[in-house]
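To start, the structure under review is shown below, and the notes come after it.
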Amino acid sequence: MKALKTLLTFCLFSAPYSGHGQLMTNNGAAITIKASATLYIKGALENKPNTTIDNEGTIYLSGNWTHNAANNCFGTSEGTVILNGGSQIIGGSSTTLFHHLTTAGSAAKVLQMDTEVGGAANGGVLTLNQHLDLNAKVLTVKNPAAAAIVDGGGKIISENQSLDAKLIWKIGTNTDNHLIPFGNALFESLPVSFQTTAGIAGDVTFATYKTPANNLPLPNTPIAVTHIRNMSGLDNDANMPDRYWLIQPSGNPTATLQITHGASEQATNGAFMLRAQRWDPASSDWNMPLAGQTNAGFYDATVPGVANWGIWAMALNSNPLPITLQSFTATPNGHLQVLCQWITASEINNDYFELQHSVDALSFNTIATIAGAGNTTTENQYQFHHLDPIIGINYYRLKQTDFDGAYSYSQVIPIAFRQGNLLLQAFPNPAMGSFQIVSDFDSPADTQFLLIDQEGRIADQFPAQGMTTFYQNQKLAAGVYTLKAISLNQTIGHTRLVLLQQ
């Protein structure tokens, strides 16, 4: 203890600190705490620049932790910091990398700076004997072991509509079941669990927040959710618990996921047979619930075989969020034939499909009616050969109708057939913001498109992407343009295009 006493003579400056006794300021000195030693600080601790704490023992702190040193003060030491006071803050101008961190005492701890646990050797543990409020900050757990978070009754409070109050767990290749003891403002238990069954998880981000009974506001970052409509096109909030989740691995795992809401957050219409559903940003719709889901209790859902990640919600099994058409394609198949195919992951109250065809993308006619599967949780595949497409542009879409008459449409797919010179058309035309360029499917692979303004200047140039090229308007001025297709320095097709003011 002689070394410790000498050290404190250099580094300890005490002053009254309201609410937390004394303030201990480490003004750039080096503290060494051996494995058998315990340092009690009856107040707050501030680390100034160049501070180092070689902690192989235990620090008990009853006040705030403020880290203003640019370096990580603990280095490779593997000791423990225990926050055992009342309401305490982890803050400062720099991130602290704790090895072992324990929340204890009489009140919740609050992050005011991004914080890491696990130490330089990635073997440290976060022990939650008291609640930890992320407060729109990021808590990173570097230890990949499932035991790196110990639930001692304290909860991790995420609760931020921007989903930036995040826990990032560096799970990597670990395949154990990882439990995150989330809680809400009432400290109800909202555990989330994640267990990799295939692939590599990498760094997994977890966040969640509670909403009012109308399930608004919708998540808008990092993915924008645009609706919670049910199969009839009406808001489904009465059948949804008042909570959203973000689960996003950096790797490509397949995993079993469990999410839980609080008893105070249950759907207006009850809490029985909940099913988790993922928002699909590609289709701006909700995926159907994956098959095989189970419920350990009234307020949770366990989902096996999850391979796609992002924003999640839950809904009653009897009133799920809308189905998502897994795929719809139309491809040339021989001379003047088009093969239309579509796949559903599962179906609820699906009466029939109508495959529709148009020559102008405005007026569509039904060319086939195919019965749906009614109610099923298994994948179904459908197809139809259109034997009478026209020379020119053909447009296809799918209309799906429920037993109660509610219906929805797929996206429109253009298919081109030519006779003579290259067929070239922009859709829509006039266009605003973006458009598709539809050319003959056997056009040369080196085809380039030019957009030429009325002064004869090239406003943009870009390569063809096959039969259909998607173009996003790069803030071109409104006006009339000539769209040219060029191959081997020769014009092989052209058309007129009107761009409207965005």
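In the structure tokens, chains take letters A, B, ... by order of appearance, with residues numbered from 1 within each chain and ligands from 1 in the order shown.
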
Output as JSON, numbers by chain all residues of range 196-365 of chain A that backbone DSSP marks as helix (DSSP H, G or I). {"A": [237, 238, 239, 263, 264, 265]}

If you keep C-alpha atoms, can you produce a file of those selected residues as an mmCIF file, in the first residue's frame?
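Resulting contents of again-v2.cif:
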```
data_model
loop_
_atom_site.group_PDB
_atom_site.id
_atom_site.type_symbol
_atom_site.label_atom_id
_atom_site.label_comp_id
_atom_site.auth_asym_id
_atom_site.auth_seq_id
_atom_site.Cartn_x
_atom_site.Cartn_y
_atom_site.Cartn_z
ATOM 1 C CA ASP A 237 -52.429 -1.063 -34.481
ATOM 2 C CA ALA A 238 -55.206 -2.696 -32.408
ATOM 3 C CA ASN A 239 -53.572 -6.079 -33.054
ATOM 4 C CA ALA A 263 -47.337 -6.411 -20.085
ATOM 5 C CA SER A 264 -48.245 -2.707 -20.198
ATOM 6 C CA GLU A 265 -47.612 -2.682 -23.978
#
```

Shell of 6 Å around range 56-70 of chain A, only C-alpha atoms, local chain residues under 4 positions omitted, as number ranges by chain: A: 20, 33-50, 77-85, 88-94

Here CA of Val110 in chain A and CA of Thr25 in chain A stand apart by 20.4 Å

Name the residues of range 254-420 of chain A that come out as strand (DSSP E or B) in a backbone DSSP run; write them as a PyMOL selection string. chain A and resi 254-260+267+270+274-280+285-286+294+300-306+310-316+325-332+338-344+347-358+365-376+380-386+392-402+407-409+413-417

What does the distance from CA of Ile437 in chain A to CA of Gln454 in chain A come to in Å, to one decimal?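 Spanning CA of Ile437 in chain A to CA of Gln454 in chain A is a straight-line distance of 19.6 Å.
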
Hey, what's within 9 Å of Thr302 in chain A if we count only C-alpha atoms and toss same-chain stuff fewer than 2 positions away? As a ChimeraX atom specification, please? /A:193,256-260,275-276,292-296,300,304

Expressed in Å to a single decimal, how great is the separation between CA of Lys484 in chain A and CA of Pro414 in chain A? 19.0 Å

Find the spatial neighbours of Ile311 in chain A, counting only C-alpha atoms, within a cut-off of 7 Å - ignore same-chain residues fewer than 2 positions away - and output them as number ranges by chain. A: 245-247, 278-279, 309

Could you take the residues named above and write them with N, CA and C atoms, as a compact mmCIF listing (two decimals), in the first residue's frame?
```txt
# COMPACT_ATOMS: atom_id res chain seq x y z
N TRP A 245 -38.52 -3.21 -32.79
CA TRP A 245 -37.16 -3.67 -32.51
C TRP A 245 -36.29 -3.49 -33.74
N LEU A 246 -35.00 -3.23 -33.51
CA LEU A 246 -33.98 -3.28 -34.55
C LEU A 246 -33.01 -4.39 -34.17
N ILE A 247 -32.86 -5.38 -35.05
CA ILE A 247 -31.85 -6.42 -34.88
C ILE A 247 -31.11 -6.52 -36.20
N ARG A 278 -41.01 -8.98 -40.00
CA ARG A 278 -39.91 -8.08 -40.39
C ARG A 278 -40.38 -7.14 -41.49
N TRP A 279 -39.99 -5.86 -41.37
CA TRP A 279 -40.26 -4.89 -42.42
C TRP A 279 -39.30 -5.13 -43.57
N TRP A 309 -32.75 -9.44 -41.79
CA TRP A 309 -32.76 -8.69 -40.54
C TRP A 309 -33.20 -7.25 -40.77
```

Can you tell me which residues surround Gln436 in chain A at a distance of at most 8 Å, considering only C-alpha atoms, apart from same-chain residues fewer than 4 positions away, and format the answer as number ranges by chain? A: 426-428, 468-471

File of the preceding selection, N, CA, C and O atoms, as a compact mmCIF listing (two decimals), in the first residue's frame:
```
# COMPACT_ATOMS: atom_id res chain seq x y z
N ALA A 426 -38.80 4.76 -73.00
CA ALA A 426 -38.67 5.14 -71.59
C ALA A 426 -40.03 5.02 -70.92
O ALA A 426 -41.07 5.36 -71.50
N PHE A 427 -40.03 4.56 -69.69
CA PHE A 427 -41.27 4.33 -68.95
C PHE A 427 -41.07 4.72 -67.48
O PHE A 427 -40.13 4.22 -66.85
N PRO A 428 -41.87 5.64 -66.89
CA PRO A 428 -42.92 6.40 -67.58
C PRO A 428 -42.34 7.54 -68.41
O PRO A 428 -41.19 7.92 -68.22
N THR A 468 -33.71 -4.05 -69.39
CA THR A 468 -34.29 -2.94 -68.65
C THR A 468 -33.19 -2.24 -67.85
O THR A 468 -32.45 -2.88 -67.10
N THR A 469 -33.08 -0.93 -68.03
CA THR A 469 -32.10 -0.13 -67.31
C THR A 469 -32.85 0.88 -66.46
O THR A 469 -33.70 1.62 -66.96
N PHE A 470 -32.55 0.90 -65.16
CA PHE A 470 -33.19 1.85 -64.26
C PHE A 470 -32.31 3.10 -64.16
O PHE A 470 -31.11 3.01 -63.94
N TYR A 471 -32.93 4.26 -64.31
CA TYR A 471 -32.19 5.53 -64.27
C TYR A 471 -32.78 6.42 -63.19
O TYR A 471 -33.99 6.64 -63.13
```

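Among the candidates A:Leu497, A:Ala207, A:Leu424, A:Ala255, the residue lying nearest to Gln161 in chain A is A:Ala207 (atoms considered: only C-alpha atoms).
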
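Those residues that approach Asn350 in chain A to within 9 Å, counting only C-alpha atoms, are Glu347, Phe353, Ala371, Gly372, Ala373, Gly374, Asn375, Gln400, Thr401, Asp402 and Phe403 of chain A; same-chain residues fewer than 3 positions away are not listed.
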
Can you work out which one of A:Ala201, A:Cys73, A:Leu218, A:Ala301 has the shortest atom-to-atom distance to Thr96 in chain A, counting only C-alpha atoms?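 Checking each candidate against Thr96 in chain A, we get A:Cys73 as the closest.
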